[in-house]
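Undergrad: This one is my_file.cif, mmCIF, C-alpha atoms.
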```cif
data_entry
loop_
_atom_site.label_atom_id
_atom_site.label_comp_id
_atom_site.auth_asym_id
_atom_site.auth_seq_id
_atom_site.Cartn_x
_atom_site.Cartn_y
_atom_site.Cartn_z
CA MET A 1 21.90 -3.78 -116.21
CA ILE A 2 22.24 -1.33 -119.08
CA GLU A 3 24.66 0.86 -117.12
CA GLU A 4 27.19 -2.00 -117.32
CA PHE A 5 27.42 -1.42 -121.07
CA PHE A 6 26.29 2.16 -121.77
CA PRO A 7 26.79 5.55 -120.04
CA VAL A 8 23.32 6.26 -118.66
CA SER A 9 22.88 8.57 -115.67
CA PRO A 10 21.30 7.29 -112.42
CA SER A 11 18.44 9.80 -112.65
CA LEU A 12 17.59 8.58 -116.13
CA LEU A 13 17.74 4.94 -115.02
CA GLN A 14 15.30 5.69 -112.22
CA ALA A 15 12.93 7.45 -114.61
CA ALA A 16 13.16 4.51 -116.99
CA LYS A 17 12.31 2.07 -114.21
CA GLU A 18 9.21 4.11 -113.33
CA ALA A 19 8.21 4.40 -116.98
CA GLU A 20 8.48 0.65 -117.52
CA LYS A 21 6.31 0.01 -114.49
CA GLN A 22 3.68 2.33 -115.96
CA CYS A 23 3.86 0.48 -119.27
CA ALA A 24 3.34 -3.05 -117.89
CA PRO A 25 -0.44 -3.25 -118.55
CA VAL A 26 0.06 -1.88 -122.07
CA PHE A 27 2.84 -4.40 -122.73
CA ASN A 28 0.44 -7.18 -121.72
CA ARG A 29 -2.13 -6.03 -124.30
CA ILE A 30 0.57 -5.87 -126.97
CA ASP A 31 1.64 -9.43 -126.17
CA GLU A 32 -1.96 -10.67 -126.38
CA ASN A 33 -2.39 -9.16 -129.85
CA ALA A 34 0.96 -10.58 -130.96
CA GLU A 35 -0.11 -14.03 -129.80
CA TYR A 36 -3.39 -13.76 -131.73
CA ASN A 37 -1.64 -12.55 -134.90
CA GLY A 38 1.02 -15.22 -134.49
CA TYR A 39 -1.62 -17.94 -134.44
CA LYS A 40 -3.27 -16.37 -137.49
CA MET A 41 0.06 -16.40 -139.31
CA LEU A 42 0.84 -20.00 -138.40
CA SER A 43 -2.63 -21.07 -139.51
CA ALA A 44 -2.14 -19.39 -142.90
CA PHE A 45 1.23 -21.10 -143.46
CA ILE A 46 -0.32 -24.48 -142.65
CA GLU A 47 -3.46 -23.87 -144.72
CA CYS A 48 -1.38 -22.88 -147.78
CA GLY A 49 0.90 -25.91 -147.44
CA VAL A 50 4.18 -24.04 -147.24
CA SER A 51 7.15 -26.38 -147.71
CA GLU A 52 10.91 -26.09 -147.99
CA SER A 53 10.61 -26.44 -151.75
CA HIS A 54 8.89 -23.04 -151.84
CA PHE A 55 12.14 -21.34 -150.79
CA ILE A 56 13.93 -22.22 -154.04
CA GLY A 57 14.38 -19.12 -156.18
CA SER A 58 13.67 -18.93 -159.89
CA THR A 59 15.59 -17.06 -162.59
CA GLY A 60 14.77 -15.49 -165.93
CA TYR A 61 11.05 -15.05 -166.49
CA GLY A 62 10.14 -17.00 -163.36
CA TYR A 63 7.33 -18.96 -164.99
CA GLY A 64 5.59 -21.41 -162.66
CA ASP A 65 7.38 -20.19 -159.51
CA ARG A 66 5.50 -22.14 -156.82
CA GLY A 67 7.17 -20.26 -153.99
CA ARG A 68 6.08 -16.90 -155.37
CA GLU A 69 2.51 -18.07 -155.94
CA THR A 70 2.21 -19.68 -152.50
CA LEU A 71 3.58 -16.60 -150.74
CA ASP A 72 0.85 -14.56 -152.45
CA ARG A 73 -1.74 -16.98 -151.06
CA VAL A 74 -0.27 -16.85 -147.55
CA LEU A 75 -0.45 -13.06 -147.47
CA ALA A 76 -3.99 -13.03 -148.88
CA THR A 77 -5.07 -15.55 -146.23
CA VAL A 78 -3.53 -13.52 -143.39
CA PHE A 79 -5.12 -10.32 -144.69
CA HIS A 80 -8.51 -11.97 -145.30
CA CYS A 81 -8.73 -11.00 -148.97
CA GLU A 82 -8.92 -12.59 -152.40
CA ASP A 83 -5.38 -12.16 -153.68
CA ALA A 84 -2.03 -10.51 -153.07
CA LEU A 85 1.06 -9.37 -154.92
CA ILE A 86 4.12 -9.60 -152.68
CA ARG A 87 7.38 -9.00 -154.55
CA HIS A 88 11.02 -8.28 -153.79
CA ASN A 89 11.21 -5.89 -156.75
CA PHE A 90 9.01 -3.26 -155.13
CA VAL A 91 11.75 -0.85 -154.12
CA SER A 92 9.75 0.94 -151.41
CA GLY A 93 6.28 1.45 -150.01
CA THR A 94 5.92 4.50 -152.26
CA HIS A 95 6.73 2.31 -155.28
CA ALA A 96 4.05 -0.20 -154.29
CA LEU A 97 1.53 2.60 -153.75
CA THR A 98 2.41 4.15 -157.10
CA THR A 99 2.02 0.81 -158.85
CA ALA A 100 -1.42 0.38 -157.30
CA LEU A 101 -2.54 3.90 -158.21
CA PHE A 102 -1.38 3.65 -161.82
CA GLY A 103 -2.79 0.14 -161.97
CA VAL A 104 -6.40 1.10 -161.24
CA LEU A 105 -6.63 4.75 -162.36
CA ARG A 106 -7.15 5.91 -165.95
CA PRO A 107 -7.11 9.35 -167.65
CA GLY A 108 -10.09 11.40 -166.51
CA ASP A 109 -10.49 9.47 -163.24
CA THR A 110 -10.52 11.23 -159.87
CA LEU A 111 -8.59 10.24 -156.79
CA VAL A 112 -9.73 11.69 -153.46
CA CYS A 113 -7.66 11.41 -150.30
CA LEU A 114 -9.84 11.41 -147.18
CA SER A 115 -7.08 11.61 -144.57
CA GLY A 116 -5.68 15.04 -145.35
CA THR A 117 -2.35 15.60 -147.07
CA PRO A 118 -0.59 12.31 -147.84
CA TYR A 119 2.95 11.39 -146.89
CA ASP A 120 5.63 13.62 -148.45
CA THR A 121 6.98 11.05 -150.92
CA LEU A 122 3.55 10.54 -152.50
CA LEU A 123 3.08 14.22 -153.40
CA PRO A 124 5.29 14.09 -156.53
CA VAL A 125 3.43 10.92 -157.60
CA LEU A 126 0.14 12.81 -157.45
CA GLY A 127 1.59 15.88 -159.16
CA VAL A 128 0.85 18.10 -156.17
CA VAL A 129 4.47 19.33 -156.04
CA GLU A 130 7.09 19.88 -158.73
CA GLY A 131 9.46 17.15 -159.81
CA GLY A 132 7.00 14.30 -160.28
CA HIS A 133 7.94 13.43 -163.86
CA GLY A 134 5.36 11.00 -165.22
CA CYS A 135 3.01 11.73 -162.31
CA LEU A 136 -0.71 10.98 -162.23
CA LYS A 137 -1.53 14.59 -163.06
CA GLU A 138 0.42 14.31 -166.34
CA PHE A 139 -1.74 11.30 -167.22
CA GLY A 140 -4.96 13.24 -166.69
CA VAL A 141 -5.87 11.93 -163.23
CA GLN A 142 -7.52 14.54 -161.05
CA TYR A 143 -6.67 14.82 -157.37
CA ARG A 144 -8.80 16.11 -154.51
CA GLN A 145 -8.41 15.83 -150.78
CA LEU A 146 -10.66 16.15 -147.79
CA ASP A 147 -8.74 17.90 -145.05
CA LEU A 148 -8.85 16.67 -141.49
CA LEU A 149 -10.73 18.61 -138.85
CA PRO A 150 -8.77 21.07 -136.69
CA ASP A 151 -8.34 18.36 -134.02
CA GLY A 152 -6.70 16.04 -136.57
CA THR A 153 -9.60 13.62 -136.89
CA PRO A 154 -11.35 12.65 -140.15
CA ASP A 155 -14.20 14.81 -141.42
CA PHE A 156 -16.84 12.09 -141.32
CA ASN A 157 -19.61 14.48 -142.31
CA GLY A 158 -17.67 15.55 -145.39
CA ILE A 159 -16.87 12.06 -146.69
CA PRO A 160 -20.15 11.31 -148.55
CA GLN A 161 -19.90 14.46 -150.66
CA ALA A 162 -16.13 14.22 -151.14
CA VAL A 163 -16.26 10.75 -152.71
CA LYS A 164 -19.02 11.49 -155.22
CA GLY A 165 -17.68 10.78 -158.70
CA ALA A 166 -14.32 9.49 -157.41
CA LYS A 167 -12.75 6.37 -158.87
CA VAL A 168 -10.45 5.86 -155.86
CA ALA A 169 -11.05 6.82 -152.24
CA TYR A 170 -7.65 6.86 -150.57
CA LEU A 171 -6.84 6.56 -146.86
CA GLN A 172 -3.47 6.81 -145.18
CA ARG A 173 -3.52 4.74 -142.00
CA SER A 174 -0.38 6.15 -140.44
CA ARG A 175 0.27 9.76 -139.49
CA GLY A 176 3.30 10.36 -141.73
CA TYR A 177 5.10 13.59 -140.82
CA SER A 178 2.15 14.99 -138.92
CA LEU A 179 0.95 14.98 -135.34
CA ARG A 180 -2.54 13.71 -136.13
CA GLU A 181 -3.72 10.42 -134.70
CA SER A 182 -3.25 7.43 -136.95
CA LEU A 183 -6.44 5.83 -138.24
CA SER A 184 -7.59 2.97 -136.04
CA MET A 185 -9.40 -0.01 -137.50
CA ASP A 186 -12.66 1.26 -135.99
CA THR A 187 -12.14 4.63 -137.67
CA ILE A 188 -11.24 3.01 -141.00
CA ALA A 189 -14.35 0.81 -140.82
CA LYS A 190 -16.53 3.87 -140.23
CA MET A 191 -14.93 5.73 -143.14
CA ILE A 192 -15.39 2.73 -145.44
CA SER A 193 -19.06 2.52 -144.51
CA LEU A 194 -19.56 6.21 -145.34
CA ILE A 195 -17.75 5.81 -148.68
CA ARG A 196 -19.87 2.81 -149.64
CA SER A 197 -23.11 4.58 -148.76
CA SER A 198 -22.31 7.47 -151.11
CA ASN A 199 -20.24 5.83 -153.86
CA PRO A 200 -20.60 2.04 -153.86
CA ASP A 201 -18.34 1.66 -156.90
CA ALA A 202 -15.38 3.57 -155.49
CA ILE A 203 -12.16 1.60 -155.08
CA ILE A 204 -11.13 2.01 -151.46
CA MET A 205 -7.35 1.98 -151.17
CA VAL A 206 -5.46 2.12 -147.87
CA ASP A 207 -1.81 2.95 -147.39
CA ASN A 208 -1.20 0.35 -144.68
CA CYS A 209 2.46 1.17 -144.02
CA TYR A 210 3.50 0.87 -140.35
CA GLY A 211 0.10 -0.61 -139.41
CA GLU A 212 0.33 -4.32 -140.17
CA PHE A 213 -0.20 -6.64 -137.18
CA VAL A 214 -0.60 -3.80 -134.68
CA GLU A 215 -4.29 -4.62 -134.29
CA ARG A 216 -5.95 -7.98 -134.83
CA GLN A 217 -7.51 -7.01 -138.14
CA GLU A 218 -6.35 -5.20 -141.26
CA PRO A 219 -8.35 -2.74 -143.44
CA THR A 220 -9.29 -5.58 -145.80
CA HIS A 221 -11.25 -7.15 -142.94
CA ALA A 222 -13.32 -3.93 -142.87
CA GLY A 223 -13.97 -3.95 -146.62
CA ALA A 224 -11.02 -2.07 -148.15
CA ASP A 225 -10.45 -3.08 -151.77
CA LEU A 226 -6.68 -2.68 -151.72
CA ILE A 227 -4.06 -2.31 -149.00
CA ILE A 228 -0.41 -1.57 -149.69
CA GLY A 229 2.77 -1.70 -147.66
CA SER A 230 6.53 -2.19 -147.53
CA LEU A 231 8.50 -5.28 -146.51
CA ILE A 232 11.21 -3.24 -144.82
CA LYS A 233 8.50 -2.13 -142.42
CA ASN A 234 6.20 -4.38 -140.39
CA PRO A 235 5.45 -7.37 -142.66
CA GLY A 236 9.12 -8.05 -143.45
CA GLY A 237 9.82 -8.79 -139.80
CA GLY A 238 13.30 -7.26 -139.98
CA ILE A 239 14.38 -10.17 -142.20
CA ALA A 240 13.14 -9.38 -145.71
CA LYS A 241 15.87 -7.39 -147.44
CA THR A 242 13.56 -5.40 -149.73
CA GLY A 243 10.10 -5.50 -151.29
CA GLY A 244 6.48 -4.58 -150.81
CA TYR A 245 2.97 -5.87 -151.26
CA ILE A 246 -0.46 -5.05 -152.61
CA ALA A 247 -3.39 -7.13 -151.31
CA GLY A 248 -7.14 -7.10 -151.88
CA ARG A 249 -9.66 -7.81 -154.64
CA ALA A 250 -8.41 -10.30 -157.24
CA ASP A 251 -9.46 -8.21 -160.26
CA LEU A 252 -7.63 -5.16 -158.91
CA ILE A 253 -4.54 -7.17 -158.02
CA GLU A 254 -4.35 -8.30 -161.64
CA LEU A 255 -4.51 -4.68 -162.81
CA CYS A 256 -1.69 -3.79 -160.43
CA ALA A 257 0.36 -6.78 -161.56
CA CYS A 258 -0.01 -5.67 -165.18
CA ARG A 259 1.35 -2.29 -164.17
CA LEU A 260 4.28 -3.84 -162.30
CA THR A 261 5.22 -6.16 -165.18
CA ALA A 262 3.35 -5.72 -168.49
CA PRO A 263 -0.22 -5.89 -169.82
CA GLY A 264 -1.15 -9.46 -170.66
CA VAL A 265 1.60 -10.81 -168.42
CA GLY A 266 0.63 -9.70 -164.92
CA LYS A 267 1.43 -12.12 -162.10
CA GLU A 268 2.65 -14.94 -164.33
CA VAL A 269 6.24 -13.70 -164.48
CA GLY A 270 8.84 -12.37 -162.08
CA CYS A 271 11.79 -14.44 -160.95
CA THR A 272 12.40 -14.58 -157.22
CA LEU A 273 16.18 -15.17 -157.27
CA GLY A 274 17.18 -15.96 -153.70
CA GLU A 275 14.69 -13.78 -151.87
CA LEU A 276 11.83 -16.14 -151.00
CA ARG A 277 13.14 -17.69 -147.79
CA GLU A 278 13.73 -14.28 -146.19
CA MET A 279 10.29 -13.05 -147.31
CA TYR A 280 8.54 -16.11 -145.84
CA LEU A 281 10.57 -16.02 -142.63
CA GLY A 282 10.17 -12.27 -142.19
CA LEU A 283 6.42 -12.49 -142.66
CA PHE A 284 6.23 -15.33 -140.14
CA HIS A 285 8.19 -13.35 -137.54
CA ALA A 286 6.31 -10.11 -138.20
CA PRO A 287 3.70 -10.30 -135.39
CA THR A 288 6.30 -10.67 -132.64
CA VAL A 289 8.72 -8.18 -134.21
CA VAL A 290 5.89 -5.63 -134.45
CA ALA A 291 5.19 -6.27 -130.76
CA SER A 292 8.81 -5.38 -129.92
CA ALA A 293 8.53 -2.20 -131.96
CA LEU A 294 5.30 -1.28 -130.18
CA LYS A 295 6.85 -1.84 -126.74
CA THR A 296 9.78 0.36 -127.75
CA ALA A 297 7.37 3.12 -128.81
CA VAL A 298 5.28 2.83 -125.64
CA PHE A 299 8.37 2.96 -123.42
CA ALA A 300 9.68 5.99 -125.34
CA SER A 301 6.37 7.76 -124.91
CA ALA A 302 6.28 7.17 -121.16
CA LEU A 303 9.91 8.11 -120.55
CA LEU A 304 10.03 11.23 -122.74
CA ALA A 305 6.76 12.52 -121.29
CA LYS A 306 8.40 12.26 -117.84
CA MET A 307 11.24 14.36 -119.22
CA GLY A 308 8.81 17.12 -120.19
CA PHE A 309 8.44 16.52 -123.94
CA ALA A 310 5.10 16.41 -125.73
CA VAL A 311 4.49 12.95 -127.15
CA SER A 312 1.89 11.48 -129.47
CA PRO A 313 0.37 9.04 -128.82
CA ALA A 314 0.51 8.87 -125.02
CA PHE A 315 2.01 5.65 -123.67
CA ASP A 316 -1.40 4.20 -122.73
CA ALA A 317 -3.35 5.40 -125.79
CA PRO A 318 -4.73 2.85 -128.29
CA ARG A 319 -2.33 2.28 -131.16
CA THR A 320 -2.83 1.34 -134.77
CA ASP A 321 0.73 1.77 -136.05
CA ILE A 322 4.27 1.57 -134.70
CA ILE A 323 5.08 5.28 -134.96
CA GLN A 324 5.80 7.47 -131.95
CA ALA A 325 6.06 11.23 -132.40
CA VAL A 326 8.11 13.34 -129.98
CA ARG A 327 8.22 17.12 -130.10
CA LEU A 328 11.80 18.18 -129.42
CA ASN A 329 10.95 21.89 -129.87
CA THR A 330 14.25 23.07 -131.40
CA PRO A 331 16.63 22.07 -134.21
CA GLU A 332 19.21 21.28 -131.52
CA GLY A 333 16.78 19.00 -129.71
CA LEU A 334 15.81 17.09 -132.84
CA THR A 335 19.45 16.68 -133.82
CA ALA A 336 20.54 15.52 -130.35
CA PHE A 337 17.71 12.99 -130.14
CA CYS A 338 18.47 11.42 -133.52
CA GLN A 339 22.19 11.34 -132.78
CA GLY A 340 21.45 9.51 -129.52
CA ILE A 341 19.27 6.94 -131.32
CA GLN A 342 22.15 6.32 -133.73
CA LYS A 343 24.49 5.62 -130.81
CA GLY A 344 22.23 2.73 -129.82
CA ALA A 345 22.12 1.14 -133.28
CA PRO A 346 23.72 -2.28 -133.83
CA ILE A 347 25.02 -1.08 -137.21
CA ASP A 348 26.92 2.19 -137.77
CA ALA A 349 26.63 3.36 -134.17
CA PHE A 350 29.81 5.40 -134.75
CA VAL A 351 28.08 7.54 -137.39
CA THR A 352 26.80 11.03 -136.46
CA PRO A 353 23.57 11.90 -138.32
CA GLU A 354 23.24 15.39 -139.76
CA PRO A 355 20.34 17.06 -141.62
CA TRP A 356 20.44 16.62 -145.41
CA ASP A 357 18.38 17.15 -148.56
CA MET A 358 16.67 13.77 -148.77
CA PRO A 359 14.99 12.96 -152.14
CA GLY A 360 11.21 13.33 -152.04
CA TYR A 361 11.09 15.82 -149.17
CA ASP A 362 10.66 19.60 -149.28
CA SER A 363 12.95 20.40 -146.34
CA LYS A 364 16.13 18.99 -144.85
CA VAL A 365 15.64 15.74 -142.96
CA ILE A 366 17.70 14.20 -140.19
CA MET A 367 17.57 10.45 -139.92
CA ALA A 368 19.03 7.97 -137.45
CA ALA A 369 18.96 4.49 -138.92
CA GLY A 370 21.66 2.02 -138.03
CA ALA A 371 19.97 -1.02 -139.49
CA PHE A 372 20.83 -4.43 -140.91
CA THR A 373 18.68 -3.44 -143.91
CA LEU A 374 19.28 0.07 -145.22
CA GLY A 375 16.28 2.27 -144.42
CA ALA A 376 14.32 -0.48 -142.65
CA SER A 377 11.93 1.34 -140.34
CA ILE A 378 10.86 -1.85 -138.55
CA GLU A 379 14.37 -1.60 -137.09
CA LEU A 380 14.84 1.20 -134.56
CA SER A 381 15.07 4.50 -136.37
CA ALA A 382 14.09 8.11 -135.89
CA ASP A 383 13.77 10.88 -138.38
CA GLY A 384 12.14 14.23 -138.89
CA PRO A 385 12.17 17.27 -141.15
CA MET A 386 14.05 20.31 -139.91
CA ARG A 387 10.96 22.47 -139.58
CA GLU A 388 8.43 23.31 -136.91
CA PRO A 389 7.54 21.66 -134.56
CA TYR A 390 10.96 19.93 -134.77
CA ALA A 391 9.42 16.58 -134.00
CA ALA A 392 11.07 13.19 -134.34
CA TRP A 393 9.07 10.30 -135.68
CA LEU A 394 10.35 7.18 -133.99
CA GLN A 395 9.62 3.68 -135.24
CA GLY A 396 10.88 0.14 -134.99
CA GLY A 397 12.86 -2.02 -132.63
CA ILE A 398 13.21 -5.66 -133.71
CA THR A 399 13.95 -6.60 -130.09
CA TYR A 400 12.67 -4.72 -127.08
CA PRO A 401 16.01 -4.68 -125.18
CA SER A 402 17.81 -3.06 -128.12
CA GLY A 403 14.92 -0.65 -128.65
CA LYS A 404 14.92 0.33 -125.00
CA ALA A 405 18.68 0.92 -125.08
CA GLY A 406 18.32 3.20 -128.10
CA ILE A 407 15.66 5.28 -126.35
CA LEU A 408 17.78 5.63 -123.22
CA LEU A 409 20.81 6.75 -125.24
CA ALA A 410 18.66 9.31 -127.08
CA ALA A 411 17.37 10.63 -123.75
CA GLN A 412 20.94 10.76 -122.42
CA SER A 413 22.03 12.71 -125.50
CA LEU A 414 19.37 15.33 -124.76
CA MET A 415 20.55 15.56 -121.16
CA ASP A 416 24.20 15.83 -122.17
CA LYS A 417 23.35 18.80 -124.43
CA GLY A 418 21.54 20.56 -121.59
CA LEU A 419 18.17 20.29 -123.35
CA VAL A 420 16.27 18.74 -120.43
CA PRO A 421 16.10 21.43 -117.76
CA ASN A 422 15.49 20.37 -114.16
CA PHE A 423 15.82 16.66 -114.84
#
```
Would you mind writing the file's structure down as structure tokens?

TA:
Amino acid sequence: MIEEFFPVSPSLLQAAKEAEKQCAPVFNRIDENAEYNGYKMLSAFIECGVSESHFIGSTGYGYGDRGRETLDRVLATVFHCEDALIRHNFVSGTHALTTALFGVLRPGDTLVCLSGTPYDTLLPVLGVVEGGHGCLKEFGVQYRQLDLLPDGTPDFNGIPQAVKGAKVAYLQRSRGYSLRESLSMDTIAKMISLIRSSNPDAIIMVDNCYGEFVERQEPTHAGADLIIGSLIKNPGGGIAKTGGYIAGRADLIELCACRLTAPGVGKEVGCTLGELREMYLGLFHAPTVVASALKTAVFASALLAKMGFAVSPAFDAPRTDIIQAVRLNTPEGLTAFCQGIQKGAPIDAFVTPEPWDMPGYDSKVIMAAGAFTLGASIELSADGPMREPYAAWLQGGITYPSGKAGILLAAQSLMDKGLVPNF
């Protein structure tokens, strides 16, 4: 069918057909999880008494905004925690993470990251690299990290010693710009248990970006004190136009709210303008949208492995986030792949991505992202830094047919550039 609309070679169509057949059992598991998470979401909406009146936006200070307060309760119910702070004025996941870190850390405190080097955009926040004006380091917060083992897995044996004296134990669920495995819920639960056994008072914070609704539980189910994410990723369902969330312990949420607004004010203010309906609707759609993104990633993994590229994870490996890494091996390969993804975007398909100096990154980045919401990585996108191993990190796909089309056009772009020998 796709060949009626897009120029895809017969050999690639045949490979795609074989890849999809391989993926069928994995797709079934994805659908089962989406059904479970969909029921959980519906139950939370009903339990919290969501009504049409909650979609009305407030202005000014936003005092007594019932829609804002109820949305917090819905998210807390879904994530099985005491409270949540879900706001349109979080400008990114990094902003939400920064708010949480500054909310709970004080001068002289120590933050230890137990999942190796964090995502690039967090490094200036920590003060690990130059340019982080007003970073945690400038406020007297010390940073340590426990590196991953050579195979990319957590150093379980090193966790008890690493967290001694730490105020915050920090985990990054997703792989970021690395080829390590993302942290599964079983792995996170084991890490939390080790942290608690050594430092019961540590605040366990998890960067949950890209992981929401992939599995049936979230890190808060396993005992994490705070989880943080972005609404233009999984929990926005491709509908929320901006925003982020922090969820977890009520006392910590209040500290974070006081950082977002002002001490003594916290969650009591913050007008919602016209954003509530999209935030509610996006959250409600999130489990099935995440399923589409996962199917897109699984199909990409199966197809590109057939074409001879190293992929991570494999198509049939357990998944805990929506990200698919593909090693394209050369700058030309990475560029061709991202340009092919762009050709399959519903928005700005005519644009040709080129590497550029993206703020927050230490090398040029190429990014394909033709999305209804600028930068929304729950919509099909692919990006990667122009450095070894010249890998693309693929994520999103709000519908599986559009995601599949994007992958096929990216594969065709590689073939057209002569970068897939003997295929």

Undergrad: Any chance you could tabulate, as CSV, the residues of region 293-391 of chain A at most 10 Å from region 177-201 of chain A with each one's nearest atom pair and distance in Å to one decimal, using only C-alpha atoms, in chain and rising number order?

TA:
```
residue,atom,partner,partner_atom,distance
A:Val311,CA,A:Leu179,CA,9.2
A:Ser312,CA,A:Leu179,CA,6.9
A:Pro313,CA,A:Glu181,CA,7.3
A:Pro318,CA,A:Ser184,CA,8.3
A:Arg319,CA,A:Ser184,CA,7.2
A:Thr320,CA,A:Ser184,CA,5.2
A:Asp321,CA,A:Ser182,CA,7.0
A:Ile322,CA,A:Ser182,CA,9.8
A:Ile323,CA,A:Ser182,CA,8.8
A:Gln324,CA,A:Leu179,CA,9.6
A:Ala325,CA,A:Leu179,CA,7.0
A:Val326,CA,A:Leu179,CA,9.1
A:Arg327,CA,A:Leu179,CA,9.2
A:Asp383,CA,A:Tyr177,CA,9.4
A:Gly384,CA,A:Tyr177,CA,7.3
A:Pro385,CA,A:Tyr177,CA,8.0
A:Pro389,CA,A:Leu179,CA,9.4
A:Ala391,CA,A:Tyr177,CA,8.6
```

Undergrad: I need the residue set behind the PyMOL selection byres ((chain A and resi 261-272) around 10) for this file; please write it as a ChimeraX atom specification.

TA: /A:55-65,67-69,72,84-85,87-89,99,253-260,273-277

Undergrad: If I take CA of Cys135 (chain A) and CA of Pro160 (chain A), how far is one from the other in Å, to one decimal?

TA: 26.9 Å

Undergrad: For Phe6 (chain A), please output as a list in words all residues within 10 Å (counting all atoms listed in the file; exclusion window: fewer than 5 positions along the same chain).

TA: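 My reading of the contact set: Met1, Lys343, Gly344, Ala405, Leu408 and Leu409 of chain A.
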
Undergrad: Evaluate the PyMOL selection byres ((chain A and resi 289) around 8) here and jot the selected residues down as a ChimeraX atom specification.

TA: /A:234,237-238,285-288,290-293,378,397-399

Undergrad: Produce a file of the selected residues containing C-alpha atoms, as an mmCIF file, keeping the file's coordinate frame.

TA:
```
data_model
loop_
_atom_site.group_PDB
_atom_site.id
_atom_site.type_symbol
_atom_site.label_atom_id
_atom_site.label_comp_id
_atom_site.auth_asym_id
_atom_site.auth_seq_id
_atom_site.Cartn_x
_atom_site.Cartn_y
_atom_site.Cartn_z
ATOM 1 C CA ASN A 234 6.200 -4.380 -140.390
ATOM 2 C CA GLY A 237 9.820 -8.790 -139.800
ATOM 3 C CA GLY A 238 13.300 -7.260 -139.980
ATOM 4 C CA HIS A 285 8.190 -13.350 -137.540
ATOM 5 C CA ALA A 286 6.310 -10.110 -138.200
ATOM 6 C CA PRO A 287 3.700 -10.300 -135.390
ATOM 7 C CA THR A 288 6.300 -10.670 -132.640
ATOM 8 C CA VAL A 290 5.890 -5.630 -134.450
ATOM 9 C CA ALA A 291 5.190 -6.270 -130.760
ATOM 10 C CA SER A 292 8.810 -5.380 -129.920
ATOM 11 C CA ALA A 293 8.530 -2.200 -131.960
ATOM 12 C CA ILE A 378 10.860 -1.850 -138.550
ATOM 13 C CA GLY A 397 12.860 -2.020 -132.630
ATOM 14 C CA ILE A 398 13.210 -5.660 -133.710
ATOM 15 C CA THR A 399 13.950 -6.600 -130.090
#
```

Undergrad: Determine the residue membership of the PyMOL selection byres ((chain A and resi 358) around 12) for the file above and supply it as a PyMOL selection string.

TA: chain A and resi 120-121+354-357+359-367+383-386

Undergrad: What is the distance, in Å and to one decimal place, between CA of His80 (chain A) and CA of His221 (chain A)?

TA: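 Those two atoms sit 6.0 Å apart.
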
Undergrad: Using all atoms listed in the file, which residue out of A:Pro25, A:Gly236, A:Gly229, A:Gly132 lies closest to Lys295 (chain A)?

TA: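 When distances to Lys295 (chain A) are compared using all atoms listed in the file, the smallest one comes from A:Pro25.
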
Undergrad: For CA of Tyr390 (chain A) and CA of Asn329 (chain A), quote the distance in Å rounded to one decimal.

TA: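 Rounded to one decimal, the two atoms are 5.3 Å apart.
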
Undergrad: Name the closest residue to Gly176 (chain A) among the candidates A:Leu414, A:Leu394, A:Ile204, A:Ala224; distances are taken between atoms, counting only C-alpha atoms.

TA: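 Checking each of A:Leu414, A:Leu394, A:Ile204, A:Ala224 against Gly176 (chain A), counting only C-alpha atoms, the winner is A:Leu394.
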
Undergrad: Anything within 9 Å of (19.5, -3.0, -126.6): list those residues as a list in words, counting only C-alpha atoms and sticking to the file's coordinates.

TA: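 Counting only C-alpha atoms, I find these residues within 9 Å of (19.5, -3.0, -126.6): Ile2, Gly344, Ala345, Pro346, Thr399, Tyr400, Pro401, Ser402, Gly403, Lys404, Ala405 and Gly406 of chain A.
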
Undergrad: Sorted by chain and rising residue number, list the residues of region 4-123 of chain A at most 12 Å from region 241-246 of chain A (counting all atoms listed in the file), each with its closest atom pair and distance in Å to one decimal, as CSV.

TA:
```
residue,atom,partner,partner_atom,distance
A:Leu71,CA,A:Tyr245,CA,10.8
A:Asp72,CA,A:Tyr245,CA,9.0
A:Leu75,CA,A:Tyr245,CA,8.8
A:Ala76,CA,A:Ile246,CA,9.5
A:Phe79,CA,A:Ile246,CA,10.6
A:Cys81,CA,A:Ile246,CA,10.8
A:Glu82,CA,A:Ile246,CA,11.3
A:Asp83,CA,A:Ile246,CA,8.7
A:Ala84,CA,A:Ile246,CA,5.7
A:Leu85,CA,A:Ile246,CA,5.1
A:Ile86,CA,A:Tyr245,CA,4.2
A:Arg87,CA,A:Gly243,CA,5.5
A:His88,CA,A:Gly243,CA,3.9
A:Asn89,CA,A:Gly243,CA,5.6
A:Phe90,CA,A:Gly243,CA,4.6
A:Val91,CA,A:Gly243,CA,5.7
A:Ser92,CA,A:Gly244,CA,6.4
A:Gly93,CA,A:Gly244,CA,6.1
A:Thr94,CA,A:Gly244,CA,9.2
A:His95,CA,A:Gly244,CA,8.2
A:Ala96,CA,A:Gly244,CA,6.1
A:Leu97,CA,A:Ile246,CA,8.0
A:Thr98,CA,A:Ile246,CA,10.6
A:Thr99,CA,A:Ile246,CA,8.9
A:Ala100,CA,A:Ile246,CA,7.2
A:Leu101,CA,A:Ile246,CA,10.8
A:Gly103,CA,A:Ile246,CA,11.0
```

Undergrad: Which is closest to Ala16 (chain A) among A:Ala376, A:Ala305, A:Ala162, A:Leu149, if we use all atoms listed in the file?

TA: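 Ranked by minimum distance to Ala16 (chain A), first place goes to A:Ala305.
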
Undergrad: Taking (-14.1, 10.1, -150.0) as a centre in this file's frame and 6 Å as the limit, can you find every polymer residue with an atom that close, using only C-alpha atoms, and give them as a list in words?

TA: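 Within 6 Å of (-14.1, 10.1, -150.0), the protein and nucleic acid residues are Val112, Leu114, Ile159, Ala162, Val163, Ala169 and Ile195 of chain A.
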